[in-house]
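Novice: This structure is in structure tokens; I'll ask about it shortly.
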2 protein chains.
Amino acid sequence: MKLVVIGGDAAGMSAASQARKRLGADRLEIVAFERGHFTSYSACGIPYWIGGFVKEREALVARTPEQHRRAGIDVRLRHEVVGIDLDRREVVAHDLTGGGEVRESFDHLVYATGASPVTPEWARIPAAGIFGVQTLDDGAAIHDWLAREQPKKAVVIGGGYIGVEMAEAMVKRGLDVTLLEKSPEPMAKTVDPDVGALVRKAIGEEGIEVVTNAHVSGIETSGGKVREVVTPGGALAADIVVMGLGVRPNSALAAEAGIPVGVTGGVRTDRRMRAEGIEGVWAAGDCVETRHLLTGDPVHIPLGTHANKQGRVAGINIGGGYATFPGVIGTAVTKVCNLEVARTGLTEKEARRAGFAFVTATVESTSRAGYYPGAELMTIKLIAEKRTGTLLGAQIVGRTEAAKRIDALAVAVWNRMTVEEMTALDLSYAPPFAPVWDPVLIASRKATDAVHNAM
Amino acid sequence: MKLVVIGGDAAGMSAASQARKRLGADRLEIVAFERGHFTSYSACGIPYWIGGFVKEREALVARTPEQHRRAGIDVRLRHEVVGIDLDRREVVAHDLTGGGEVRESFDHLVYATGASPVTPEWARIPAAGIFGVQTLDDGAAIHDWLAREQPKKAVVIGGGYIGVEMAEAMVKRGLDVTLLEKSPEPMAKTVDPDVGALVRKAIGEEGIEVVTNAHVSGIETSGGKVREVVTPGGALAADIVVMGLGVRPNSALAAEAGIPVGVTGGVRTDRRMRAEGIEGVWAAGDCVETRHLLTGDPVHIPLGTHANKQGRVAGINIGGGYATFPGVIGTAVTKVCNLEVARTGLTEKEARRAGFAFVTATVESTSRAGYYPGAELMTIKLIAEKRTGTLLGAQIVGRTEAAKRIDALAVAVWNRMTVEEMTALDLSYAPPFAPVWDPVLIASRKATDAVHNAM
């Protein structure tokens, strides 16, 4: 039996590894095509490598092609798959190093092509110094540019978490950084504007110039290199431009082959990660859409943690086991300068779009008992459905020991808890870890009052 | 209407404050008797004050008697209630400052007398230098003794979390400290022996001499002061002895009055914290027993976080509202030297006693992505019911950013999640906060395998 994997990062190689664990080389041949130079790397770690927190690029690679090959996985780097023939059960790949066309038949196919940075019309110009941040090859290109060109001025377009993380990384490298965000506050897709305002303040204090309500109309070049970013408010000098406008699933190849693609642009799968309705074809990672467990709607949420889980689930099922990926609830966390920012469930905007009526409650409390050294302020915001009091979402901003509290809230969202039941939750308490009322409990109390007051 | 509160710490004063919030002074008179000198303090903070982490005793007091009085609560310090007459709806108190007997009638009574350190026969001797650690008065007595007597050698009897925290506090003050524990490993009531062994190692490295399997047969005194602790293995010199053998609920006064006391020795209440079957009488805090939500059994778990919740619930109900305290799942956390130790649900011993058949899974992982600076090892152990895979308990030991992960596991236990469902949990991931597979997810995967293998 033969498994062909398209895409050598988290999702694809997790699938390959799990299938291999269950079926030895005598029972399953595995060929994995990867367009770039790396396998199984942490794309999430790129900003920390650029910023110098992480010293070596190799540290971001969880498993090298050689390691995969030792496990009996035939990894073909620099191979781009250009066609899938479902009738013939065959893929066609181009060897980008000039080796021509390769054809491989398959019994099982894992489609794990990832996503690509959104690039508006005005950014599609043949100039050096404009970068997206999606693959480790992207990261390596930025790293080289910074070393070679020694840019002084950076413009980051888009204030989502990748934009913010990259802005911080370049400030750490000594660049003057301007962050342009079209919404009134940064991280507009991640947190509500009231929480986003806290983020804006923190990154401003770090020396990043944040321009919100910003619209980019073009990029000017000079000698084949980026020179400035043009906005209605004037041009901004730029020796490097980083695009942080989000990513889109790489699903065109799937669509051409007749693999169903959903409204989000992601490949559709069932809960075992099988491509919808197609036996032996699986999809996982940033190229798929999944189900939001609170709204029931399809969503495209490209995150390494989902990619790993989905790849593992696909691989277990290919190997004859049984595993499922039921969906997501929108949990995310990031560290922005000294600020920890986390969310789960729905933001106000998302809850409204899904038709929920809700109340909110925001509290400020401390990470440790107020009298214990190192106690730091944090803000927790909860969103609860009107009438039922079901927890719909949570957001946390704090300095230290704040963000990981989102996990308790994520498990509460997952289990459809009401904020009233949450006030009784037996959470851990000791002075070095929490006030006697953990901030999560204080927020639950306030949200319960809000639900009652709105009855 | 009049409310009388017996006990001026967390439970009693939370009840008083919540009742006051709902019923003004024109509608509710509140009298609170407190045997000691303090109200609303953090007993859990005592070891950190003794150890010098917290500089001022006042920092441990959340609300002073004066602050309560300004809220219209008539706090009577140094008053010990010696009788409750349920027929006459009256309590009798002694003014310990010599003011004689006081009688107060009540419509509502809150019984919040706390607990007292277990004192074996051999420790009931009239010698100075032997201390329990339960009230802030206890803490103040230890603090005074350390300042006045400048003891060199300390023996802590009992290696539960209070014993371990006090041992660390005295090492920090420069004393030679020996910790005696009758079980094979410290924290035997909190964690399984395999996890306890990690604790023993960490506190040994801190310079505390730990003697396990230790049995104390007596205490020798000299000139009215403690001199040595006698064990079958020989006598240990001791200028101060701290008792850490646990506490028992102060329920004798309730029992004498005919208020039902349960098998654990704690006062029995319903979920609104009303004393079982007695209108207008409420009980909360370290003096009550509660329900373990996994076993259904009554348990006595004296913790500040429960006391605060129970007091609040009682006060809301007294004030005409509706609130419940459904029970506990055994969550606890402590910091021992540089080690974070946390648990929720049942230990192996507890699960066995409750009749569960189970599997366990222990994993080691890191607090942050392995490549991110500051990543520290942690150990997570899960206990899952055989066949169903329901999560029964979890234990965590780690250096930093480890213990608070217990909260996500506590919410999973609370909701009766299976370890298999937990492998899909949408927990937060970013390199500064977790590996791409959070340790909680890795442990869930391994526990799922263990459940399958035991089918």
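Naming scheme: A, B, ... for chains in displayed order of the structure tokens; residues 1 onward per chain; ligands 1 onward as shown.
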Write down as a count of residues only the residues of stretch 30-245 of chain B whose backbone DSSP state falls under helix (DSSP H, G or I).
Specialist: 60
Novice: Can you tell me, as a PyMOL selection string, what residues are no more than 10 Å from stretch 346-354 of chain A when counting only C-alpha atoms, ignoring any on the same chain fewer than 2 positions away?
Specialist: chain A and resi 188-193+292+294-297+329-331+343-344+356-360+381-385+391-395+413
Novice: Once you count only C-alpha atoms, what closest atom pair and distance in Å to one decimal does each residue of chain B within 7 Å of chain A have, with rows by chain and rising residue number, as JSON lines?
Specialist:
```
{"residue": "B:Cys44", "atom": "CA", "partner": "A:Ala430", "partner_atom": "CA", "distance": 6.8}
{"residue": "B:Gly45", "atom": "CA", "partner": "A:Pro431", "partner_atom": "CA", "distance": 6.3}
{"residue": "B:Phe53", "atom": "CA", "partner": "A:Pro373", "partner_atom": "CA", "distance": 6.9}
{"residue": "B:Val54", "atom": "CA", "partner": "A:Tyr372", "partner_atom": "CA", "distance": 6.2}
{"residue": "B:Ala59", "atom": "CA", "partner": "A:Tyr371", "partner_atom": "CA", "distance": 5.7}
{"residue": "B:Leu60", "atom": "CA", "partner": "A:Tyr371", "partner_atom": "CA", "distance": 6.8}
{"residue": "B:Gly304", "atom": "CA", "partner": "A:Val436", "partner_atom": "CA", "distance": 6.6}
{"residue": "B:Thr305", "atom": "CA", "partner": "A:Val436", "partner_atom": "CA", "distance": 5.3}
{"residue": "B:Phe325", "atom": "CA", "partner": "A:Ala424", "partner_atom": "CA", "distance": 6.2}
{"residue": "B:Val328", "atom": "CA", "partner": "A:Asp426", "partner_atom": "CA", "distance": 5.9}
{"residue": "B:Ile329", "atom": "CA", "partner": "A:Asp426", "partner_atom": "CA", "distance": 6.4}
{"residue": "B:Thr331", "atom": "CA", "partner": "A:Ser428", "partner_atom": "CA", "distance": 5.6}
{"residue": "B:Ala332", "atom": "CA", "partner": "A:Ser428", "partner_atom": "CA", "distance": 5.1}
{"residue": "B:Val333", "atom": "CA", "partner": "A:Ser428", "partner_atom": "CA", "distance": 5.6}
{"residue": "B:Thr334", "atom": "CA", "partner": "A:Ala430", "partner_atom": "CA", "distance": 5.9}
{"residue": "B:Lys335", "atom": "CA", "partner": "A:Pro432", "partner_atom": "CA", "distance": 6.9}
{"residue": "B:Tyr371", "atom": "CA", "partner": "A:Ala59", "partner_atom": "CA", "distance": 5.6}
{"residue": "B:Tyr372", "atom": "CA", "partner": "A:Val54", "partner_atom": "CA", "distance": 6.2}
{"residue": "B:Pro373", "atom": "CA", "partner": "A:Phe53", "partner_atom": "CA", "distance": 6.9}
{"residue": "B:Asp407", "atom": "CA", "partner": "A:Leu427", "partner_atom": "CA", "distance": 5.4}
{"residue": "B:Ala408", "atom": "CA", "partner": "A:Ala408", "partner_atom": "CA", "distance": 4.0}
{"residue": "B:Ala410", "atom": "CA", "partner": "A:Leu427", "partner_atom": "CA", "distance": 6.5}
{"residue": "B:Val411", "atom": "CA", "partner": "A:Val411", "partner_atom": "CA", "distance": 6.2}
{"residue": "B:Ala412", "atom": "CA", "partner": "A:Val411", "partner_atom": "CA", "distance": 6.5}
{"residue": "B:Asn415", "atom": "CA", "partner": "A:Asn415", "partner_atom": "CA", "distance": 6.8}
{"residue": "B:Ala424", "atom": "CA", "partner": "A:Phe325", "partner_atom": "CA", "distance": 6.2}
{"residue": "B:Asp426", "atom": "CA", "partner": "A:Val328", "partner_atom": "CA", "distance": 5.9}
{"residue": "B:Leu427", "atom": "CA", "partner": "A:Asp407", "partner_atom": "CA", "distance": 5.4}
{"residue": "B:Ser428", "atom": "CA", "partner": "A:Ala332", "partner_atom": "CA", "distance": 5.1}
{"residue": "B:Tyr429", "atom": "CA", "partner": "A:Val333", "partner_atom": "CA", "distance": 6.1}
{"residue": "B:Ala430", "atom": "CA", "partner": "A:Thr334", "partner_atom": "CA", "distance": 5.9}
{"residue": "B:Pro431", "atom": "CA", "partner": "A:Gly45", "partner_atom": "CA", "distance": 6.3}
{"residue": "B:Pro432", "atom": "CA", "partner": "A:Lys335", "partner_atom": "CA", "distance": 7.0}
{"residue": "B:Val436", "atom": "CA", "partner": "A:Thr305", "partner_atom": "CA", "distance": 5.3}
{"residue": "B:Trp437", "atom": "CA", "partner": "A:Thr305", "partner_atom": "CA", "distance": 6.6}
```
Novice: So, counting only C-alpha atoms, which residue among A:Thr418, A:Gln134, A:Ser367, A:Thr113 is closest to A:Gly246?
Specialist: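 Ranking A:Thr418, A:Gln134, A:Ser367, A:Thr113 by distance to A:Gly246, first place goes to A:Gln134.
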Novice: Quick one: distance from atom CA of A:Arg274 to atom CA of A:Val110 in Å, one decimal?
Specialist: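 Interatomic distance here is 8.8 Å.
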Novice: From a DSSP calculation on the backbone, collect every residue of stretch 58-116 of chain B in strand (DSSP E) and output the set as an NGL selection string.
Specialist: :B and (73-77 or 79-85 or 90-95 or 100-105 or 108-111 or 115-116)
Novice: Kindly give the distance, in Å, that separates atom CA of B:Thr231 and atom CA of B:Ile162, rounded to a single decimal.
Specialist: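 Atom-to-atom, atom CA of B:Thr231 and atom CA of B:Ile162 are spaced 21.1 Å apart.
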Novice: Counting only C-alpha atoms, which of B:Gly7, B:Gly114, B:Pro120, B:Gly265 gets nearest to B:Leu77?
Specialist: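 For B:Leu77, the nearest of the candidates is B:Gly7.
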Novice: Mind pulling up the distance from atom CA of B:Ile6 to atom CA of B:Arg248?
Specialist: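 Interatomic distance here is 17.0 Å.
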Novice: Quick one: of A:Phe38, A:Val363, A:Gly258, A:His300, who's nearest to A:Asp137, counting only C-alpha atoms?
Specialist: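 Nearest candidate to A:Asp137 out of A:Phe38, A:Val363, A:Gly258, A:His300: A:Phe38.
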Novice: At a cut-off of 9 Å, using only C-alpha atoms, what residues contact stretch 206-222 of chain A? Leave out same-chain residues fewer than 3 positions from it and give the result as JSON, numbers by chain.
Specialist: {"A": [121, 122, 123, 125, 127, 128, 157, 159, 167, 168, 171, 176, 177, 178, 179, 180, 181, 182, 183, 184, 185, 186, 200, 201, 202, 203, 225, 226, 227, 228, 229, 230, 231, 232, 233, 235, 337, 338]}
